[in-house]
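Comments concern the structure below.
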Amino acid sequence: MAVAPATTSARQSTQSASELFKAVEQYPQRRREELRAQGKRIDRETGERIAREQRELAARSAAQLAARTSRAPDDLYYLGLLYNFADRRDDALDALRRFIADKDAPRDGANAQLARTLVAVNAAQRGLFEEAERARADFLAAEPKTPFKVYQIELEFSAAYLKAKQYARAAERAAGAFAAAKSLKPDDLPEGAHLDTLIFKAGDALASAQASAGRAAEARATVVELYSIALALPSANLHELIRRRYADKSGEIDRAVDAAARGGAVAASPPELKVAEWIEQQPVKLSELRGRVVLVDFWYDWCGWCVAAFPVMSGWHEKYKDAGLVIIGVTDLQTTNGGGEGSANKLAFLRKFKREQRLPYGFAVAEGASDNVPAYGVSIFPTSVLIDRRGAVRLISVGGSPPELKRVGEMIDRLVKEPAP
């Protein structure tokens with residue numbers, strides 16, 4: 001049950017500013033645990049009610065803190081955060097301004113940096129760019145500053161400048177966000193964040209700002225770079241985000257990326273596959289297949305589009321196997337539906353499934369989806385990754401529609417004609 005306002009007020013009077021803030025910050029988790037303990041379901045409506053209750057608690061806590069005549073050094077900091085939770089952004093901005101302007105406020109430290117971040121972003125969103133830029137500069141000059149936080153600030157500034165139709169500044173800040181995104185390492189990412197999505201948001205913001213500024217050639221180059229990054233990571237998710245966003249330019253992008261790849265610009269090696277069992281295929285590493293053209297096909301037995309594409313895959317195998325094409329079908333035991341329980345039963349099912357589908361190429365069977373799917377950014381099935389003779393990813397295909405299969409087939413025909421390195 002939610003805490004009654006009167007009870008909350010009584011307890012708040014003895015709490016420090018940091019305790020008030022922590023209670024608000026942890027309220028959703030606490031509330032969900034209470035409801036689950038009561039056997040209640042957390043649906044969308046419940047989630048919205050919890051968020052509303054959190055805002056109300058934040059507003060009451062902020063009022064309690066603001067009314068105090070004697071304040072600790074960090075009270076303005078926590079007051080700003082409470083107002084921020086309560087969606088009272090003007091009040092939050094005012095409190096945090098006063099916190100960082102205080103002569104006794106620390107120059108470095110997590111609290112000072114978060115305050116500068118919120119002032120910078122809130123001021124930018126209100127069009128107060130001079131103040132926003134000062135706060136941004138102060139943030140960049142102090143510590144700690146994580147690469148992810150730099151990315152966030154630059155992206156927020158780009159959106160604010162774009163909204164204000166200051167396209168050159170929007171492009172400048174988006175370029176900073178794009179550079180920061182490309183420098184991020186897995187350890188830099190907060191829980192739930194995905195590198196390919198972050199890169200797309202920054203690259204798309206940069207291309208949009210460049211296009212709005214009348215720099216069409218630069219915008220096209222940014223989109224081509226985005227797609228090249230999708231191949232280099234590799235990431236089917238980034239590939240799909242780009243092709244959906246720029247569907248009208250897909251042919252142009254393909255041609256530009258292919259030209260760059262043939263010139264040696266795309267040369268990153270794809271991750272090695274993690275395989276628990278090979279079916280009708282000698283164990284092999286992708287790095288050992290240099291000099292061959294390799295098609296890695298991610299599929300599942302329950303996927304209709306996957307099964308529908310099998311005859312086409314078999315046709316490619318027969319047509320190009322002597323020209324150097326190797327097809328590897330990738331699936332896993334955890335997500336396979338057929339065969340019942342147990343690895344042995346599922347492997348027996350997959351061997352039978354292969355015979356029934358008359359598939360002439362081998363399978364790489366992993367223990368679970370997490371072994372290979374995240375490494376290739378796969379979220380839709382089937383997904384195919386085409387690797388050239390140098391070991392570089394040259395094409396990613398998502399879905400098994402006839403246009404996609406045609407696209408893959410045309411690229412296979414082109415790659416088998418390229419000379420070995």
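Identifiers in this document derive from the order of the structure tokens: chains are assigned A, B, ..., residues are numbered from 1 separately in each chain, and ligands are numbered from 1 in order of occurrence.
Counting only C-alpha atoms, stretch 72-78 of chain A has the following residues at most 9 Å away, ignoring those fewer than 4 positions along the same chain: Ser16, Ala17, Ser18, Leu20, Phe21, Ala62, Leu65, Ala66, Leu82, Tyr83, Ala95, Leu96, Arg97, Arg98, Phe99, Ile100, Asp104, Ala105, Asn111, Ala112 and Ala115 of chain A.
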With a distance cut-off of 9 Å and only C-alpha atoms, select the neighbouring residues of A:Leu347, excluding the residue or stretch itself and same-chain residues fewer than 3 positions from it, and output the selection as number ranges by chain. A: 277, 279, 333, 339, 342-344, 350-352, 365
Of A:Arg89, A:Glu172, A:Ala37, A:Leu79, the one sitting nearest A:Val24 when using only C-alpha atoms is A:Leu79
Could you go through stretch 14-233 of chain A and tell me which residues DSSP, when run on the backbone, assigns to alpha helix (DSSP H), listing them as a compact mmCIF listing (two decimals) with N, CA and C atoms, in the first residue's frame?
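So out10.txt came out as:
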# COMPACT_ATOMS: atom_id res chain seq x y z
N ALA A 17 18.38 15.35 3.80
CA ALA A 17 18.05 15.56 2.39
C ALA A 17 18.37 14.34 1.56
N SER A 18 19.51 13.72 1.84
CA SER A 18 19.89 12.53 1.07
C SER A 18 18.94 11.37 1.34
N GLU A 19 18.44 11.26 2.58
CA GLU A 19 17.47 10.20 2.90
C GLU A 19 16.14 10.45 2.22
N LEU A 20 15.72 11.72 2.18
CA LEU A 20 14.48 12.05 1.46
C LEU A 20 14.60 11.66 0.00
N PHE A 21 15.75 12.00 -0.60
CA PHE A 21 15.95 11.69 -2.01
C PHE A 21 15.99 10.18 -2.25
N LYS A 22 16.70 9.46 -1.40
CA LYS A 22 16.81 8.01 -1.58
C LYS A 22 15.44 7.35 -1.48
N ALA A 23 14.59 7.84 -0.58
CA ALA A 23 13.25 7.27 -0.44
C ALA A 23 12.44 7.46 -1.72
N VAL A 24 12.58 8.62 -2.34
CA VAL A 24 11.89 8.88 -3.61
C VAL A 24 12.47 8.03 -4.73
N GLU A 25 13.79 7.98 -4.79
CA GLU A 25 14.46 7.23 -5.85
C GLU A 25 14.11 5.75 -5.81
N TYR A 27 11.41 4.43 -4.40
CA TYR A 27 9.99 4.19 -4.22
C TYR A 27 9.41 3.19 -5.23
N PRO A 28 9.67 3.31 -6.55
CA PRO A 28 9.07 2.36 -7.49
C PRO A 28 9.44 0.90 -7.20
N GLN A 29 10.71 0.66 -6.89
CA GLN A 29 11.12 -0.71 -6.60
C GLN A 29 10.44 -1.24 -5.34
N ARG A 30 10.39 -0.40 -4.31
CA ARG A 30 9.75 -0.79 -3.06
C ARG A 30 8.28 -1.11 -3.29
N ARG A 31 7.63 -0.25 -4.06
CA ARG A 31 6.18 -0.41 -4.30
C ARG A 31 5.88 -1.68 -5.09
N ARG A 32 6.74 -1.94 -6.09
CA ARG A 32 6.54 -3.16 -6.89
C ARG A 32 6.72 -4.41 -6.03
N GLU A 33 7.70 -4.37 -5.16
CA GLU A 33 7.93 -5.53 -4.27
C GLU A 33 6.72 -5.74 -3.36
N GLU A 34 6.14 -4.66 -2.85
CA GLU A 34 4.95 -4.77 -2.00
C GLU A 34 3.79 -5.41 -2.77
N LEU A 35 3.58 -4.94 -4.00
CA LEU A 35 2.46 -5.46 -4.79
C LEU A 35 2.68 -6.92 -5.17
N ARG A 36 3.92 -7.27 -5.51
CA ARG A 36 4.20 -8.68 -5.84
C ARG A 36 3.99 -9.57 -4.62
N ALA A 37 4.37 -9.07 -3.45
CA ALA A 37 4.17 -9.84 -2.22
C ALA A 37 2.68 -10.08 -1.95
N ARG A 44 0.62 -2.11 -17.11
CA ARG A 44 0.97 -0.75 -17.54
C ARG A 44 0.28 0.30 -16.67
N GLU A 45 -0.99 0.07 -16.37
CA GLU A 45 -1.73 1.04 -15.56
C GLU A 45 -1.13 1.16 -14.17
N THR A 46 -0.72 0.01 -13.61
CA THR A 46 -0.10 0.03 -12.29
C THR A 46 1.23 0.77 -12.34
N GLY A 47 2.00 0.52 -13.38
CA GLY A 47 3.28 1.20 -13.54
C GLY A 47 3.12 2.71 -13.62
N GLU A 48 2.08 3.14 -14.35
CA GLU A 48 1.82 4.58 -14.46
C GLU A 48 1.39 5.17 -13.11
N ARG A 49 0.61 4.38 -12.35
CA ARG A 49 0.18 4.86 -11.03
C ARG A 49 1.38 4.99 -10.08
N ILE A 50 2.28 4.02 -10.14
CA ILE A 50 3.48 4.08 -9.30
C ILE A 50 4.33 5.30 -9.66
N ALA A 51 4.47 5.58 -10.96
CA ALA A 51 5.24 6.75 -11.40
C ALA A 51 4.59 8.04 -10.90
N ARG A 52 3.27 8.08 -10.92
CA ARG A 52 2.55 9.26 -10.43
C ARG A 52 2.75 9.41 -8.92
N GLU A 53 2.67 8.30 -8.20
CA GLU A 53 2.89 8.34 -6.76
C GLU A 53 4.31 8.80 -6.43
N GLN A 54 5.27 8.38 -7.25
CA GLN A 54 6.65 8.81 -7.02
C GLN A 54 6.79 10.33 -7.22
N ARG A 55 6.15 10.85 -8.26
CA ARG A 55 6.21 12.31 -8.48
C ARG A 55 5.57 13.05 -7.31
N GLU A 56 4.45 12.53 -6.81
CA GLU A 56 3.77 13.18 -5.68
C GLU A 56 4.64 13.13 -4.43
N LEU A 57 5.29 11.99 -4.20
CA LEU A 57 6.18 11.88 -3.05
C LEU A 57 7.36 12.83 -3.19
N ALA A 58 7.88 12.96 -4.39
CA ALA A 58 8.99 13.88 -4.64
C ALA A 58 8.58 15.32 -4.37
N ALA A 59 7.38 15.68 -4.79
CA ALA A 59 6.89 17.05 -4.57
C ALA A 59 6.73 17.34 -3.07
N ARG A 60 6.19 16.38 -2.32
CA ARG A 60 6.03 16.57 -0.87
C ARG A 60 7.39 16.66 -0.18
N SER A 61 8.31 15.82 -0.62
CA SER A 61 9.64 15.82 -0.01
C SER A 61 10.37 17.12 -0.31
N ALA A 62 10.21 17.61 -1.55
CA ALA A 62 10.85 18.87 -1.93
C ALA A 62 10.28 20.03 -1.10
N ALA A 63 8.95 20.03 -0.90
CA ALA A 63 8.32 21.09 -0.10
C ALA A 63 8.83 21.05 1.33
N GLN A 64 8.97 19.83 1.87
CA GLN A 64 9.50 19.67 3.23
C GLN A 64 10.91 20.22 3.33
N LEU A 65 11.75 19.90 2.34
CA LEU A 65 13.14 20.33 2.36
C LEU A 65 13.25 21.84 2.14
N ALA A 66 12.46 22.38 1.21
CA ALA A 66 12.51 23.81 0.92
C ALA A 66 12.07 24.65 2.11
N ASP A 75 21.96 20.29 0.63
CA ASP A 75 20.50 20.33 0.59
C ASP A 75 19.97 20.88 -0.74
N LEU A 76 20.63 21.91 -1.30
CA LEU A 76 20.19 22.46 -2.58
C LEU A 76 20.35 21.43 -3.70
N TYR A 77 21.38 20.64 -3.60
CA TYR A 77 21.59 19.58 -4.60
C TYR A 77 20.42 18.59 -4.57
N TYR A 78 20.11 18.08 -3.39
CA TYR A 78 19.02 17.10 -3.29
C TYR A 78 17.67 17.74 -3.56
N LEU A 79 17.52 19.02 -3.21
CA LEU A 79 16.28 19.71 -3.54
C LEU A 79 16.07 19.77 -5.05
N GLY A 80 17.15 20.06 -5.78
CA GLY A 80 17.06 20.08 -7.24
C GLY A 80 16.69 18.73 -7.81
N LEU A 81 17.27 17.66 -7.25
CA LEU A 81 16.94 16.32 -7.73
C LEU A 81 15.50 15.95 -7.43
N LEU A 82 15.02 16.34 -6.26
CA LEU A 82 13.63 16.07 -5.90
C LEU A 82 12.67 16.81 -6.83
N TYR A 83 12.96 18.09 -7.10
CA TYR A 83 12.13 18.83 -8.05
C TYR A 83 12.18 18.17 -9.43
N ASN A 84 13.34 17.65 -9.79
CA ASN A 84 13.47 16.99 -11.10
C ASN A 84 12.57 15.76 -11.16
N PHE A 85 12.55 14.96 -10.09
CA PHE A 85 11.68 13.80 -10.02
C PHE A 85 10.21 14.21 -10.06
N ARG A 89 10.70 21.23 -13.46
CA ARG A 89 12.03 21.45 -14.02
C ARG A 89 12.56 22.87 -13.77
N ASP A 90 11.68 23.88 -13.76
CA ASP A 90 12.14 25.24 -13.50
C ASP A 90 12.67 25.35 -12.07
N ASP A 91 11.95 24.75 -11.13
CA ASP A 91 12.41 24.76 -9.75
C ASP A 91 13.71 23.97 -9.59
N ALA A 92 13.79 22.84 -10.32
CA ALA A 92 15.01 22.03 -10.27
C ALA A 92 16.20 22.83 -10.80
N LEU A 93 15.99 23.52 -11.90
CA LEU A 93 17.05 24.32 -12.50
C LEU A 93 17.51 25.40 -11.53
N ASP A 94 16.58 26.06 -10.89
CA ASP A 94 16.91 27.13 -9.95
C ASP A 94 17.72 26.60 -8.77
N ALA A 95 17.30 25.49 -8.18
CA ALA A 95 18.00 24.92 -7.02
C ALA A 95 19.40 24.47 -7.39
N LEU A 96 19.54 23.81 -8.54
CA LEU A 96 20.85 23.30 -8.94
C LEU A 96 21.78 24.43 -9.37
N ARG A 97 21.23 25.48 -9.95
CA ARG A 97 22.04 26.67 -10.25
C ARG A 97 22.68 27.21 -8.96
N ARG A 98 21.84 27.33 -7.92
CA ARG A 98 22.33 27.88 -6.66
C ARG A 98 23.35 26.95 -6.00
N PHE A 99 23.15 25.65 -6.18
CA PHE A 99 24.09 24.68 -5.61
C PHE A 99 25.47 24.83 -6.24
N ILE A 100 25.54 24.86 -7.59
CA ILE A 100 26.86 24.91 -8.22
C ILE A 100 27.48 26.31 -8.15
N ALA A 101 26.66 27.34 -7.88
CA ALA A 101 27.19 28.70 -7.77
C ALA A 101 27.71 29.00 -6.37
N ALA A 110 30.89 13.48 -7.98
CA ALA A 110 29.70 13.00 -8.68
C ALA A 110 28.52 13.95 -8.54
N ASN A 111 28.32 14.51 -7.32
CA ASN A 111 27.19 15.40 -7.12
C ASN A 111 27.31 16.68 -7.95
N ALA A 112 28.49 17.29 -7.93
CA ALA A 112 28.70 18.51 -8.70
C ALA A 112 28.53 18.25 -10.19
N GLN A 113 29.01 17.10 -10.66
CA GLN A 113 28.92 16.80 -12.08
C GLN A 113 27.49 16.51 -12.52
N LEU A 114 26.74 15.80 -11.67
CA LEU A 114 25.34 15.56 -12.02
C LEU A 114 24.56 16.87 -12.02
N ALA A 115 24.85 17.74 -11.07
CA ALA A 115 24.17 19.05 -11.04
C ALA A 115 24.47 19.82 -12.31
N ARG A 116 25.73 19.84 -12.75
CA ARG A 116 26.09 20.55 -13.99
C ARG A 116 25.39 19.92 -15.19
N THR A 117 25.32 18.61 -15.20
CA THR A 117 24.65 17.91 -16.31
C THR A 117 23.19 18.35 -16.41
N LEU A 118 22.48 18.34 -15.27
CA LEU A 118 21.06 18.68 -15.29
C LEU A 118 20.86 20.15 -15.63
N VAL A 119 21.72 21.03 -15.13
CA VAL A 119 21.62 22.44 -15.49
C VAL A 119 21.87 22.63 -16.98
N ALA A 120 22.90 21.98 -17.50
CA ALA A 120 23.23 22.11 -18.92
C ALA A 120 22.08 21.65 -19.80
N VAL A 121 21.55 20.47 -19.50
CA VAL A 121 20.50 19.89 -20.35
C VAL A 121 19.19 20.68 -20.20
N ASN A 122 18.79 20.98 -18.96
CA ASN A 122 17.54 21.73 -18.76
C ASN A 122 17.60 23.12 -19.37
N ALA A 123 18.75 23.78 -19.24
CA ALA A 123 18.90 25.11 -19.83
C ALA A 123 18.85 25.02 -21.36
N ALA A 124 19.50 24.03 -21.92
CA ALA A 124 19.48 23.86 -23.38
C ALA A 124 18.06 23.61 -23.87
N GLN A 125 17.32 22.78 -23.17
CA GLN A 125 15.95 22.48 -23.57
C GLN A 125 15.05 23.71 -23.51
N PHE A 129 20.90 28.89 -24.18
CA PHE A 129 22.11 28.23 -24.67
C PHE A 129 23.39 28.79 -24.07
N GLU A 130 23.43 30.06 -23.75
CA GLU A 130 24.64 30.62 -23.15
C GLU A 130 24.91 29.98 -21.80
N GLU A 131 23.86 29.89 -20.99
CA GLU A 131 24.00 29.22 -19.69
C GLU A 131 24.31 27.75 -19.87
N ALA A 132 23.62 27.11 -20.80
CA ALA A 132 23.82 25.68 -21.05
C ALA A 132 25.27 25.39 -21.44
N GLU A 133 25.82 26.21 -22.31
CA GLU A 133 27.19 26.00 -22.77
C GLU A 133 28.19 26.21 -21.64
N ARG A 134 27.92 27.16 -20.74
CA ARG A 134 28.82 27.36 -19.59
C ARG A 134 28.81 26.12 -18.69
N ALA A 135 27.61 25.60 -18.43
CA ALA A 135 27.51 24.42 -17.58
C ALA A 135 28.18 23.22 -18.25
N ARG A 136 28.00 23.09 -19.56
CA ARG A 136 28.65 22.00 -20.30
C ARG A 136 30.17 22.12 -20.21
N ALA A 137 30.69 23.32 -20.41
CA ALA A 137 32.14 23.53 -20.35
C ALA A 137 32.67 23.22 -18.95
N ASP A 138 31.93 23.61 -17.92
CA ASP A 138 32.34 23.32 -16.55
C ASP A 138 32.34 21.81 -16.31
N PHE A 139 31.33 21.12 -16.85
CA PHE A 139 31.28 19.66 -16.72
C PHE A 139 32.50 19.02 -17.37
N LEU A 140 32.83 19.44 -18.58
CA LEU A 140 33.95 18.84 -19.30
C LEU A 140 35.29 19.14 -18.65
N ALA A 141 35.35 20.21 -17.87
CA ALA A 141 36.60 20.60 -17.22
C ALA A 141 36.79 19.93 -15.87
N PRO A 147 32.42 8.55 -20.41
CA PRO A 147 32.13 8.68 -21.85
C PRO A 147 30.64 8.65 -22.15
N PHE A 148 29.88 7.85 -21.39
CA PHE A 148 28.44 7.77 -21.64
C PHE A 148 27.75 9.08 -21.29
N LYS A 149 28.18 9.72 -20.19
CA LYS A 149 27.56 10.98 -19.80
C LYS A 149 27.88 12.08 -20.82
N VAL A 150 29.11 12.07 -21.35
CA VAL A 150 29.47 13.02 -22.41
C VAL A 150 28.57 12.81 -23.62
N TYR A 151 28.37 11.55 -23.98
CA TYR A 151 27.47 11.20 -25.10
C TYR A 151 26.07 11.77 -24.85
N GLN A 152 25.55 11.56 -23.66
CA GLN A 152 24.19 12.03 -23.35
C GLN A 152 24.07 13.54 -23.49
N ILE A 153 25.03 14.26 -22.92
CA ILE A 153 24.97 15.72 -22.96
C ILE A 153 25.03 16.22 -24.40
N GLU A 154 25.95 15.69 -25.19
CA GLU A 154 26.10 16.15 -26.57
C GLU A 154 24.84 15.87 -27.39
N LEU A 155 24.22 14.70 -27.14
CA LEU A 155 23.02 14.35 -27.88
C LEU A 155 21.84 15.26 -27.49
N GLU A 156 21.72 15.55 -26.21
CA GLU A 156 20.65 16.45 -25.74
C GLU A 156 20.84 17.86 -26.31
N PHE A 157 22.07 18.32 -26.33
CA PHE A 157 22.35 19.64 -26.90
C PHE A 157 22.01 19.68 -28.39
N SER A 158 22.35 18.63 -29.08
CA SER A 158 22.05 18.58 -30.52
C SER A 158 20.56 18.69 -30.77
N ALA A 159 19.76 17.95 -29.98
CA ALA A 159 18.30 18.00 -30.14
C ALA A 159 17.76 19.39 -29.84
N ALA A 160 18.32 20.03 -28.81
CA ALA A 160 17.85 21.38 -28.45
C ALA A 160 18.20 22.39 -29.53
N TYR A 161 19.40 22.32 -30.07
CA TYR A 161 19.80 23.25 -31.14
C TYR A 161 18.99 22.99 -32.42
N LEU A 162 18.71 21.72 -32.69
CA LEU A 162 17.91 21.39 -33.88
C LEU A 162 16.51 21.97 -33.75
N LYS A 163 15.92 21.84 -32.56
CA LYS A 163 14.59 22.39 -32.31
C LYS A 163 14.59 23.91 -32.48
N TYR A 167 21.12 24.93 -36.90
CA TYR A 167 21.54 23.66 -37.47
C TYR A 167 23.04 23.42 -37.40
N ALA A 168 23.84 24.46 -37.56
CA ALA A 168 25.29 24.29 -37.49
C ALA A 168 25.71 23.83 -36.09
N ARG A 169 25.15 24.47 -35.06
CA ARG A 169 25.47 24.06 -33.69
C ARG A 169 24.92 22.66 -33.40
N ALA A 170 23.74 22.36 -33.95
CA ALA A 170 23.18 21.01 -33.76
C ALA A 170 24.12 19.96 -34.35
N ALA A 171 24.65 20.24 -35.53
CA ALA A 171 25.58 19.29 -36.17
C ALA A 171 26.86 19.16 -35.37
N GLU A 172 27.34 20.28 -34.83
CA GLU A 172 28.57 20.26 -34.03
C GLU A 172 28.41 19.37 -32.81
N ARG A 173 27.32 19.55 -32.10
CA ARG A 173 27.10 18.73 -30.90
C ARG A 173 26.78 17.27 -31.25
N ALA A 174 26.04 17.05 -32.33
CA ALA A 174 25.76 15.67 -32.75
C ALA A 174 27.04 14.96 -33.16
N ALA A 175 27.97 15.68 -33.79
CA ALA A 175 29.26 15.09 -34.15
C ALA A 175 30.01 14.66 -32.89
N GLY A 176 29.90 15.46 -31.82
CA GLY A 176 30.51 15.09 -30.55
C GLY A 176 29.87 13.84 -29.96
N ALA A 177 28.53 13.75 -30.06
CA ALA A 177 27.82 12.57 -29.56
C ALA A 177 28.21 11.33 -30.37
N PHE A 178 28.33 11.50 -31.68
CA PHE A 178 28.68 10.38 -32.56
C PHE A 178 30.09 9.88 -32.25
N ALA A 179 31.01 10.82 -32.06
CA ALA A 179 32.39 10.43 -31.72
C ALA A 179 32.42 9.73 -30.36
N ALA A 180 31.65 10.25 -29.39
CA ALA A 180 31.61 9.62 -28.07
C ALA A 180 31.01 8.22 -28.14
N ALA A 181 29.95 8.06 -28.93
CA ALA A 181 29.31 6.75 -29.07
C ALA A 181 30.27 5.73 -29.65
N LYS A 182 31.04 6.15 -30.66
CA LYS A 182 31.96 5.22 -31.31
C LYS A 182 33.13 4.84 -30.40
N SER A 183 33.38 5.65 -29.38
CA SER A 183 34.49 5.35 -28.46
C SER A 183 34.05 4.52 -27.26
N LEU A 195 25.04 -0.63 -27.35
CA LEU A 195 25.96 0.21 -28.10
C LEU A 195 25.43 0.54 -29.49
N ASP A 196 24.89 -0.46 -30.19
CA ASP A 196 24.44 -0.20 -31.56
C ASP A 196 23.31 0.83 -31.59
N THR A 197 22.41 0.80 -30.61
CA THR A 197 21.32 1.78 -30.55
C THR A 197 21.85 3.18 -30.26
N LEU A 198 22.83 3.27 -29.35
CA LEU A 198 23.42 4.57 -29.03
C LEU A 198 24.12 5.16 -30.26
N ILE A 199 24.84 4.33 -30.98
CA ILE A 199 25.53 4.80 -32.19
C ILE A 199 24.51 5.28 -33.22
N PHE A 200 23.42 4.54 -33.37
CA PHE A 200 22.41 4.95 -34.35
C PHE A 200 21.81 6.30 -33.98
N LYS A 201 21.45 6.49 -32.72
CA LYS A 201 20.82 7.75 -32.32
C LYS A 201 21.73 8.94 -32.60
N ALA A 202 23.02 8.78 -32.30
CA ALA A 202 23.95 9.89 -32.52
C ALA A 202 24.20 10.11 -34.02
N GLY A 203 24.39 9.03 -34.77
CA GLY A 203 24.62 9.17 -36.20
C GLY A 203 23.41 9.73 -36.93
N ASP A 204 22.23 9.29 -36.52
CA ASP A 204 21.00 9.81 -37.13
C ASP A 204 20.82 11.28 -36.80
N ALA A 205 21.13 11.67 -35.55
CA ALA A 205 21.04 13.08 -35.17
C ALA A 205 22.01 13.93 -36.00
N LEU A 206 23.21 13.41 -36.23
CA LEU A 206 24.20 14.14 -37.03
C LEU A 206 23.73 14.28 -38.47
N ALA A 207 23.25 13.19 -39.06
CA ALA A 207 22.78 13.24 -40.45
C ALA A 207 21.60 14.20 -40.58
N SER A 208 20.70 14.19 -39.61
CA SER A 208 19.54 15.08 -39.65
C SER A 208 19.96 16.55 -39.57
N ALA A 209 20.91 16.84 -38.68
CA ALA A 209 21.38 18.22 -38.54
C ALA A 209 22.12 18.67 -39.79
N GLN A 210 22.93 17.79 -40.36
CA GLN A 210 23.66 18.13 -41.58
C GLN A 210 22.69 18.38 -42.74
N ALA A 211 21.68 17.53 -42.85
CA ALA A 211 20.69 17.72 -43.92
C ALA A 211 19.93 19.02 -43.72
N SER A 212 19.55 19.33 -42.48
CA SER A 212 18.82 20.57 -42.19
C SER A 212 19.68 21.80 -42.48
N ALA A 216 23.97 18.22 -47.68
CA ALA A 216 23.44 16.91 -48.10
C ALA A 216 24.53 15.87 -48.28
N ALA A 217 25.66 16.26 -48.87
CA ALA A 217 26.73 15.29 -49.11
C ALA A 217 27.28 14.76 -47.78
N GLU A 218 27.42 15.65 -46.79
CA GLU A 218 27.91 15.21 -45.48
C GLU A 218 26.89 14.29 -44.81
N ALA A 219 25.61 14.61 -44.97
CA ALA A 219 24.57 13.75 -44.38
C ALA A 219 24.62 12.35 -44.98
N ARG A 220 24.79 12.28 -46.31
CA ARG A 220 24.90 10.96 -46.96
C ARG A 220 26.12 10.21 -46.45
N ALA A 221 27.24 10.92 -46.31
CA ALA A 221 28.46 10.27 -45.82
C ALA A 221 28.28 9.73 -44.41
N THR A 222 27.54 10.46 -43.57
CA THR A 222 27.29 10.00 -42.20
C THR A 222 26.46 8.73 -42.20
N VAL A 223 25.44 8.67 -43.06
CA VAL A 223 24.61 7.47 -43.13
C VAL A 223 25.42 6.28 -43.63
N VAL A 224 26.27 6.53 -44.62
CA VAL A 224 27.14 5.45 -45.12
C VAL A 224 28.09 4.98 -44.02
N GLU A 225 28.61 5.92 -43.23
CA GLU A 225 29.48 5.52 -42.12
C GLU A 225 28.71 4.69 -41.09
N LEU A 226 27.49 5.08 -40.81
CA LEU A 226 26.65 4.30 -39.90
C LEU A 226 26.52 2.86 -40.38
N TYR A 227 26.23 2.73 -41.66
CA TYR A 227 26.03 1.38 -42.21
C TYR A 227 27.34 0.59 -42.18
N SER A 228 28.46 1.28 -42.46
CA SER A 228 29.75 0.61 -42.39
C SER A 228 30.04 0.12 -40.98
N ILE A 229 29.63 0.92 -39.97
CA ILE A 229 29.80 0.50 -38.58
C ILE A 229 28.96 -0.73 -38.29
N ALA A 230 27.74 -0.79 -38.85
CA ALA A 230 26.87 -1.96 -38.66
C ALA A 230 27.56 -3.22 -39.15
N LEU A 231 28.26 -3.11 -40.27
CA LEU A 231 28.98 -4.27 -40.80
C LEU A 231 30.21 -4.59 -39.96
N ALA A 232 30.90 -3.55 -39.51
CA ALA A 232 32.14 -3.76 -38.78
C ALA A 232 31.91 -4.32 -37.39
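Taking atom CA of A:Arg390 and atom CA of A:Leu273 as the two end points, the separation is 17.3 Å.
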Against stretch 305-317 of chain A, which residues of stretch 275-301 of chain A fall within 10 Å? For each one I want the closest pair of atoms and the distance in Å (one decimal), counting only C-alpha atoms, rows by chain and increasing residue number, as CSV.
residue,atom,partner,partner_atom,distance
A:Leu295,CA,A:Met313,CA,9.3
A:Asp297,CA,A:Cys306,CA,9.0
A:Phe298,CA,A:Cys306,CA,8.4
A:Trp299,CA,A:Cys306,CA,5.7
A:Tyr300,CA,A:Cys306,CA,6.8
A:Asp301,CA,A:Val307,CA,7.2
For A:Arg290: contacts at 9 Å, only C-alpha atoms, fewer than 2 positions along chain excluded, given as number ranges by chain: A: 286-288, 292-294, 388-391, 420-421
Go through stretch 51-297 of chain A and collect every residue that DSSP, computed from the backbone, puts in strand (DSSP E); the answer should be as number ranges by chain. A: 277-279, 293-297
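Put simply, atom CA of A:Met411 is 11.5 Å away from atom CA of A:Val393.
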With a distance cut-off of 12 Å and only C-alpha atoms, select the neighbouring residues of A:Arg244, excluding the residue or stretch itself and same-chain residues fewer than 4 positions from it, and output the selection as a PyMOL selection string. chain A and resi 200+204+227+237-240+248-250+398
Please produce a file of the residues just selected, as a compact mmCIF listing (two decimals), in the first residue's frame, where the atoms kept are N, CA and C atoms.
# COMPACT_ATOMS: atom_id res chain seq x y z
N PHE A 200 23.42 4.54 -33.37
CA PHE A 200 22.41 4.95 -34.35
C PHE A 200 21.81 6.30 -33.98
N ASP A 204 22.23 9.29 -36.52
CA ASP A 204 21.00 9.81 -37.13
C ASP A 204 20.82 11.28 -36.80
N TYR A 227 26.23 2.73 -41.66
CA TYR A 227 26.03 1.38 -42.21
C TYR A 227 27.34 0.59 -42.18
N ASN A 237 20.96 -5.39 -35.68
CA ASN A 237 20.04 -4.41 -35.15
C ASN A 237 20.32 -3.02 -35.72
N LEU A 238 21.59 -2.61 -35.72
CA LEU A 238 21.96 -1.32 -36.29
C LEU A 238 21.64 -1.28 -37.78
N HIS A 239 21.92 -2.37 -38.47
CA HIS A 239 21.58 -2.48 -39.89
C HIS A 239 20.10 -2.21 -40.12
N GLU A 240 19.26 -2.82 -39.29
CA GLU A 240 17.81 -2.70 -39.48
C GLU A 240 17.33 -1.29 -39.14
N ASP A 248 14.41 4.98 -48.31
CA ASP A 248 14.45 5.56 -49.64
C ASP A 248 15.87 5.68 -50.19
N LYS A 249 16.87 5.45 -49.34
CA LYS A 249 18.26 5.58 -49.77
C LYS A 249 19.00 4.25 -49.69
N SER A 250 18.27 3.13 -49.51
CA SER A 250 18.93 1.85 -49.27
C SER A 250 19.84 1.43 -50.42
N VAL A 398 18.21 -9.01 -42.97
CA VAL A 398 17.26 -9.30 -41.89
C VAL A 398 15.93 -9.68 -42.50
If you measure from atom CA of A:Ala259 to atom CA of A:Glu404, what distance in Å do you get, rounded to one decimal? 19.8 Å
